[in-house]
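Contents: one structure, followed by commentary.
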Amino acid sequence: AGFPKVRAEEVQASASGQGEVHALRVEPGVLPSHHRGDPSEPEEAQLSLQDKLHVKVADLVAFLVLKYRTQQRTSQAEMLEVVGNDDQDAFPMILGQASQCMRLVFGVDVKEVDPSDHSYVLVTVLGLTCGGMPSGEQGMPKTSLLVLLLGVILLEDDCAPEEEVWEALGVMGVYAGKEHIIYGEPRELLTKVWVQEGYVEYRQVPSSDPARYEFLWGPRAYAETSKLQVLEYLLRVNSRQPGSSLALSEEAVSDEEEGA
């Protein structure tokens, strides 16, 4: 089973100013009309089971993002309401893929805290306390991008030239000065927000002319996580190739802007 191909615009809608769970929610046992096949079409043209499961994974990811943003626990019963109580047999797989997406794309772990009532909490990965979003911002969790940045710094012998950082993040569709559907404008995050929060240092390369810059781990990164944890996360990300799992395209961004 590959990484769930959750469409970014499906998830992003839940984080918009008027995003409600029902905006992405599938009523129990029923697919939205735009996901249903035409009954007059041959069976092979109907929506496949895999496509239906994909929709349910996307719905559950959107629901979990909302729970994370409001810092609320959730339960198996709540999540079954989202994906449909008729899918109890498939629920472990749906939750597994949604949890994988939350961890690799958003940097959020879905942890069961009480097996007796199947309750879950959502926390940032690797013990990071940044919350994944700049203070007061109601966007998507961005912790995974921070962990990837810390990983690139490690792979560049603890001091990563800025051009190498942007080249590495470009694989994820993240570019300096270009608005990203999940991460927003990344340059401000990397060179200002996370510098101010103490996760990275951003400094001019000594004697460089014209001026070049480089990234290093900041004191807060050393205090909250470890090089081994970050490298293990990178290995997991690389094995799942999350960059190819989301439709993080200009079309998705424009669709979201048009719907705002």
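Going through the structure tokens in order, the chains are called A, B, and so on, while each chain numbers its residues from 1 and the ligands are numbered from 1 in the order shown.
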Worksheet item: DSSP says alpha helix (DSSP H) for which residues of region 44-213 of chain A? Put them as number ranges by chain?
Response: A: 49-69, 76-83, 91-106, 143-155, 162-170, 186-188, 194-196
Worksheet item: Near Leu64 (chain A), counting only C-alpha atoms, which residues have an atom at most 10 Å away, once you skip same-chain residues fewer than 3 positions from it, shown as a ChimeraX atom specification?
Response: /A:11,14,21,58-61,67-70,72-74,79,98-99,102,108,110,121-122
With C-alpha atoms kept, could you save the residues just selected as a CSV table (one decimal), in the first residue's frame?
chain,number,residue,atom,x,y,z
A,11,VAL,CA,-7.7,19.1,3.0
A,14,SER,CA,-11.2,22.6,6.0
A,21,VAL,CA,-16.2,19.6,8.7
A,58,ALA,CA,-9.1,12.7,2.6
A,59,ASP,CA,-12.2,13.4,4.7
A,60,LEU,CA,-10.6,11.9,7.8
A,61,VAL,CA,-7.4,13.9,7.3
A,67,LYS,CA,-9.1,18.7,15.7
A,68,TYR,CA,-5.4,19.6,15.8
A,69,ARG,CA,-6.1,23.3,15.2
A,70,THR,CA,-8.7,23.4,18.0
A,72,GLN,CA,-9.3,18.8,20.8
A,73,ARG,CA,-9.2,15.0,21.4
A,74,THR,CA,-11.1,12.8,19.1
A,79,MET,CA,-14.0,9.3,13.2
A,98,ALA,CA,-4.8,9.2,7.4
A,99,SER,CA,-2.3,9.1,10.3
A,102,MET,CA,-0.8,13.7,9.1
A,108,VAL,CA,1.4,15.8,13.4
A,110,VAL,CA,-2.2,10.8,15.9
A,121,VAL,CA,-4.7,13.2,20.7
A,122,LEU,CA,-2.9,15.1,18.0
Discussion item. From a backbone DSSP assignment, name each residue in region 76-120 of chain A labelled strand (DSSP E), as a ChimeraX atom specification.
Written reply: /A:108-114,119-120
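Compared by their closest atoms to Gln100 (chain A), and using only C-alpha atoms, the residues A:Val57, A:Ile181, A:Gly84, A:Arg220 rank with A:Val57 nearest.
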Response to the item:
Nearest to Lys111 (chain A), restricted to only C-alpha atoms and choosing among A:Asn85, A:Thr191, A:Gln76, A:Thr225, comes out as A:Gln76
